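I have placed the structure first, in the form of structure tokens, so that the comments after it can refer back to it.
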2 protein chains.
Amino acid sequence: MINCVNREIPEYIDGYGHVRPYRGAFANLGGRIKTGAKIKSYVPGSKKLLSSIEEAIEKTGLRDGMTVSFHHHMRNGDKVVNLVMNAVAAKGIKDIHIAGSGIFQVHEPLVKLIEDGVVTKITTSTFNPGPVAKAITAGKLRKPAVLMSHGGRPRAIESGDLHIDVAFIAAPSCDEYGNLNGTQGKSACGFLSYSYADAMYADCVVAVTDSLVPYPCRPIEISQENVDFVVGVESVGDPGGIVSGTLTVTDDPIRLKIADDTARLADLAGYIKEGMSFQTGAGGTTLAVASRVRDIMKDRGITGSFGLGGIHSYFVKMLEEGLFRALLDTQCFDLEAIGSAARNENHVGIGASMYANPHNRGSVVNNLDLVVLGATEIDTDFNVNVITGSNGVIMGASGGHSDCAAGSKLAIIVANLTRKNFCIVRDKVTTVTTPGETVDVLVTECGIAVNPRRTDILETVKDSDIPLVDINELREVGESLVGEQTCVKVTDRIVSVVEYRDGTVIDTVKMPE
Amino acid sequence: MINCVNREIPEYIDGYGHVRPYRGAFANLGGRIKTGAKIKSYVPGSKKLLSSIEEAIEKTGLRDGMTVSFHHHMRNGDKVVNLVMNAVAAKGIKDIHIAGSGIFQVHEPLVKLIEDGVVTKITTSTFNPGPVAKAITAGKLRKPAVLMSHGGRPRAIESGDLHIDVAFIAAPSCDEYGNLNGTQGKSACGFLSYSYADAMYADCVVAVTDSLVPYPCRPIEISQENVDFVVGVESVGDPGGIVSGTLTVTDDPIRLKIADDTARLADLAGYIKEGMSFQTGAGGTTLAVASRVRDIMKDRGITGSFGLGGIHSYFVKMLEEGLFRALLDTQCFDLEAIGSAARNENHVGIGASMYANPHNRGSVVNNLDLVVLGATEIDTDFNVNVITGSNGVIMGASGGHSDCAAGSKLAIIVANLTRKNFCIVRDKVTTVTTPGETVDVLVTECGIAVNPRRTDILETVKDSDIPLVDINELREVGESLVGEQTCVKVTDRIVSVVEYRDGTVIDTVKMPE
């Protein structure tokens, strides 16, 4: 069948199941009942503290075919996934579905577990380029990887679409009865937002900690009422590995021009104003946009309502300067953000469902004015790919990309039109992550393309000096510079199913030839 | 049928349903699946702010036969119950089940609504003596009132036993999208612990606020992801009405002796020690116990782990003196506690399920060492009544009484043996609230009775100067002072069903003759 972004999707995919095709950004509103978590009663005198990961695997009843979850707030510094999965493998357990919120280079040992059939399925919403993504692209994983958005993952958990048998939660600070947080302790990594749904819905929840504190641990980010067991380990991760991305404002003049144009367009369109809310990533260009927006806010004495998302030192600075009333944080991107999360009461942790789940009574992305996002490709219908390179190799997952694009009033993609022999604007993106109907503007060094749906923006900026171009022209300009773009040739083998935030399938990734 | 505390209980009660008889404090561990909340999807641009309670009643679809819930953190200062229920009545809606966490004297207008058939059922866990309790005792409510404990109420909600159609949450601080807290704002009342389960499971959630703050409201105690509508009103309540109970240490020499003996016994039995946890109410005698315990802790340089429960200024002082690492708070009993909740990060709000629900992965009462509780009656099997006077009139509900008795390592009842012509120790209590198997000690001015089950305590204190007596002797002493006690004569009409915290029926209240 053909879905609403013109992708041919099977009705049934082996190892995934029946497919609900994507029908539009707000076509599936999920009118149903949440799944019910398992009630387990711990009587007075119950002990939760176990002596090892091995004992935890035994006590939880972890066995062949189960789904095991993790969170990724330690990012590339994480040690818990490898610790647990190696112990699982050592026990001879097979056919495990890893439903971790993120997979990083540090998780390279999973490749061997995939080859050995210990891990046969992966569901995730964050993917950094690296060995696991390559192994999946190469068809090594027995079942297709399921790529979700940050809002789609808690949606799937809360609705019962994604049932977790055992959740392992890396806990930088935890007491013997399972109260825990991520903002304190030697391995503090910031709020544990992506694990809240796991803690509430998994059949069994294991806190893995390297900092056992006297009862009661506080602040209580995840409560004892949801935690089955506590295991002490030497280290849950290296906070130094959390820092990823550029994290400094670019000094490249082309990127600075893109940033400048982005801020000017957002301003002209009326989105830089008192009470504004803003999300941006931690890349060099997007941070440069934040820098320009900050200048405008300071000049005019504007106070924004909130900065959102993965939080970096730039947003911390803007909070401390009074440019935001609050930061609403789902993960910390650097040590400054972690420090702020621990100390500033206006730096508030929110769960991933509150952040971006489309199927609740209103997620925070709904309140977002302006988001600035990247892209690996964008097509002339404004569909964006952040999942695969043009060579078809998986190098990312949606993260909050499709969530913020759908929720925000103005979603701007910033990108260099060309890189080496590559043009970012294409007839057809390799993989659709974020549907064009939710993307408003593309800003490149060769001009700004506004989605024709946004007649309001076109009308507002038509007499300005904003260098508007049609997106088809941008493609032509780009191809005139780097040559015509070709599509990667793929086999029939589906290695990944790309779910839109509402649980419908927006695209698949097929193994390249 | 006869339940485990020798009460004759029908198998079926009109207006209540099939009865699960009480079979022991830990006999029903609730092995089942939690109920699922209704998924409702709010898309970007959704507005939640309504102009009036009347509009909220319309928008929520509130109609005949529905269950409506409230929380009682404003206690006798609450205005929301009357505001909403009078509006419900004005719309001609009938047959409403009020599932409020507490009913106070200020709710007297409910009596007329009961008489008019607007309100036909009440479920609650806190009852202050007054007009509504009297009306229920007099058989005016069409269906039996269901009295729960603080832990039993969220258990009932989470399990689906108590389904709430519309929850109205008094919110001293709230933003337009439904993020709210109880610790900020002109009507700040402290944490809103009893309403957390309502917010998570009600089909429709309405925040009622008199302090609409700029988005995002923070701290976020209840999140926008659970709230459907926000209504502004002039006042949600008078914080001055929160203060109830004595709130000062008694100066009555008899009560001081009881307090002194209680602290000495707890100390001898080994419960006043480093890391101890402690809950006590806000009455004059129990505060006197806290005062003695405090003296001992200071003398010996003891630091406790936590003070629990309804929090009063005495516990705030102990926190600030470093005698507790933390307070775990389910409601504030006075303005000092409210101030502390807003300002001290070691004064932590916890939901009622985390506090005392027996059917989760471990509630805080499980970690409680020492609790000091009151009683209106206690029988020679140590069963305690805090629900009815000996005249059969309802004057309370369990609150946390049965929860703490079950969870704590040492549950002490303090009471004057006699008052006027009344002896507190009886052959048989009028109504069983808390089963004797969970009550360890009774301290009176005429001696201390230890539950024979607690051979360890009897052994420890046998050679001390603690004035031990058999509880049967206490009854004889009391009756020799005030005369033989009689039981109230009752009709067959069941006016209230008393649920134990696990949802089984421990007793019923019948209308007096």
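In the structure tokens, each chain is lettered A, B, ... as it comes, each chain's residues begin at 1, and ligands are numbered from 1 in order of appearance.
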
Residues of chain A that approach chain B to 6 Å or less, counting only C-alpha atoms: could you list each one with the shortest pair of atoms and its distance in Å to one decimal, rows by chain and increasing residue number, as CSV?
residue,atom,partner,partner_atom,distance
A:Leu29,CA,B:Ser41,CA,5.6
A:Gly31,CA,B:Ile39,CA,5.8
A:Arg32,CA,B:Ile39,CA,5.5
A:Ile33,CA,B:Lys38,CA,4.6
A:Lys34,CA,B:Gly36,CA,4.5
A:Thr35,CA,B:Gly36,CA,5.1
A:Gly36,CA,B:Lys34,CA,4.5
A:Ala37,CA,B:Lys34,CA,5.3
A:Lys38,CA,B:Ile33,CA,4.6
A:Ile39,CA,B:Ile33,CA,5.4
A:Lys40,CA,B:Asn360,CA,5.3
A:Ser41,CA,B:His359,CA,4.4
A:Tyr42,CA,B:Gly362,CA,4.7
A:Pro44,CA,B:Asn366,CA,4.4
A:Glu225,CA,B:Arg361,CA,4.6
A:Asn226,CA,B:Arg361,CA,5.6
A:Met354,CA,B:Glu225,CA,5.5
A:His359,CA,B:Ser41,CA,4.4
A:Asn360,CA,B:Ser41,CA,4.8
A:Arg361,CA,B:Glu225,CA,4.6
A:Gly362,CA,B:Tyr42,CA,4.7
A:Ser363,CA,B:Glu225,CA,5.9
A:Asn366,CA,B:Pro44,CA,4.4
A:Gly407,CA,B:Pro44,CA,5.7

Skipping near chain neighbours, those fewer than 4 positions away, what residues fall within 12 Å of Leu212 of chain B using only C-alpha atoms, listed as a PyMOL selection string?
-> chain B and resi 49+171-181+184-187+207-208+216-218+230-236

Pairwise distance for atom CA of Gly100 of chain B and atom CA of Lys140 of chain B, rounded to one decimal in Å = 18.1 Å

Can you list, as a PyMOL selection string, all residues belonging to segment 237-382 of chain B that DSSP tags as alpha helix (DSSP H)?
-> chain B and resi 253-268+284-300+313-320+335-343+352-356

Shell of 8 Å around Met318 of chain B, only C-alpha atoms, local chain residues under 5 positions omitted, as a ChimeraX atom specification = /B:294,323-324

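Computed from the coordinates, the atom CA of Ile103 of chain A to atom CA of Thr126 of chain A distance equals 6.3 Å.
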
Atom pair atom CA of Val488 of chain A / atom CA of Pro452 of chain A: separation (Å) | 28.3 Å

Please provide the set of residues having any atom within 12 Å of Arg426 of chain B, restricted to only C-alpha atoms, with same-chain residues fewer than 6 positions apart removed, written as a PyMOL selection string.
-> chain B and resi 375-385+390+417-418+432+471-479+483-487

Keeping only C-alpha atoms, write those residues as a PDB file, in the first residue's frame.
ATOM      1  CA  ALA B 375      -8.146   5.698  68.806  1.00  0.00           C
ATOM      2  CA  THR B 376     -11.756   6.270  69.738  1.00  0.00           C
ATOM      3  CA  GLU B 377     -11.990   2.663  70.917  1.00  0.00           C
ATOM      4  CA  ILE B 378      -9.733  -0.364  71.106  1.00  0.00           C
ATOM      5  CA  ASP B 379     -10.859  -3.895  71.927  1.00  0.00           C
ATOM      6  CA  THR B 380      -9.128  -6.627  73.834  1.00  0.00           C
ATOM      7  CA  ASP B 381      -7.908  -8.100  70.516  1.00  0.00           C
ATOM      8  CA  PHE B 382      -6.266  -4.703  69.822  1.00  0.00           C
ATOM      9  CA  ASN B 383      -8.681  -3.927  66.994  1.00  0.00           C
ATOM     10  CA  VAL B 384      -9.004  -0.137  66.767  1.00  0.00           C
ATOM     11  CA  ASN B 385     -11.955   2.056  65.868  1.00  0.00           C
ATOM     12  CA  SER B 390     -19.499   4.593  70.796  1.00  0.00           C
ATOM     13  CA  LEU B 417      -8.212   5.045  79.281  1.00  0.00           C
ATOM     14  CA  THR B 418     -11.301   6.907  80.413  1.00  0.00           C
ATOM     15  CA  VAL B 432     -13.137  -2.013  63.228  1.00  0.00           C
ATOM     16  CA  ILE B 471      -5.347  -5.281  77.955  1.00  0.00           C
ATOM     17  CA  ASN B 472      -8.203  -7.170  79.635  1.00  0.00           C
ATOM     18  CA  GLU B 473      -7.095  -5.736  82.949  1.00  0.00           C
ATOM     19  CA  LEU B 474      -7.099  -2.280  81.445  1.00  0.00           C
ATOM     20  CA  ARG B 475     -10.695  -2.797  80.420  1.00  0.00           C
ATOM     21  CA  GLU B 476     -11.578  -3.899  83.959  1.00  0.00           C
ATOM     22  CA  VAL B 477      -9.761  -0.931  85.490  1.00  0.00           C
ATOM     23  CA  GLY B 478     -11.523   1.446  83.124  1.00  0.00           C
ATOM     24  CA  GLU B 479     -14.946  -0.033  83.737  1.00  0.00           C
ATOM     25  CA  GLY B 483     -19.033   1.759  84.795  1.00  0.00           C
ATOM     26  CA  GLU B 484     -19.705  -1.133  82.436  1.00  0.00           C
ATOM     27  CA  GLN B 485     -19.730  -0.176  78.769  1.00  0.00           C
ATOM     28  CA  THR B 486     -22.630  -0.980  76.513  1.00  0.00           C
ATOM     29  CA  CYS B 487     -22.837  -1.367  72.772  1.00  0.00           C
TER      30      CYS B 487
END

Just asking: which residues within segment 130-322 of chain B are strand (DSSP E or B) according to DSSP, as a ChimeraX atom specification?
-> /B:145-147,149,166-171,173-174,180-181,204-209,212,222,229-232,237,277-280,304-311
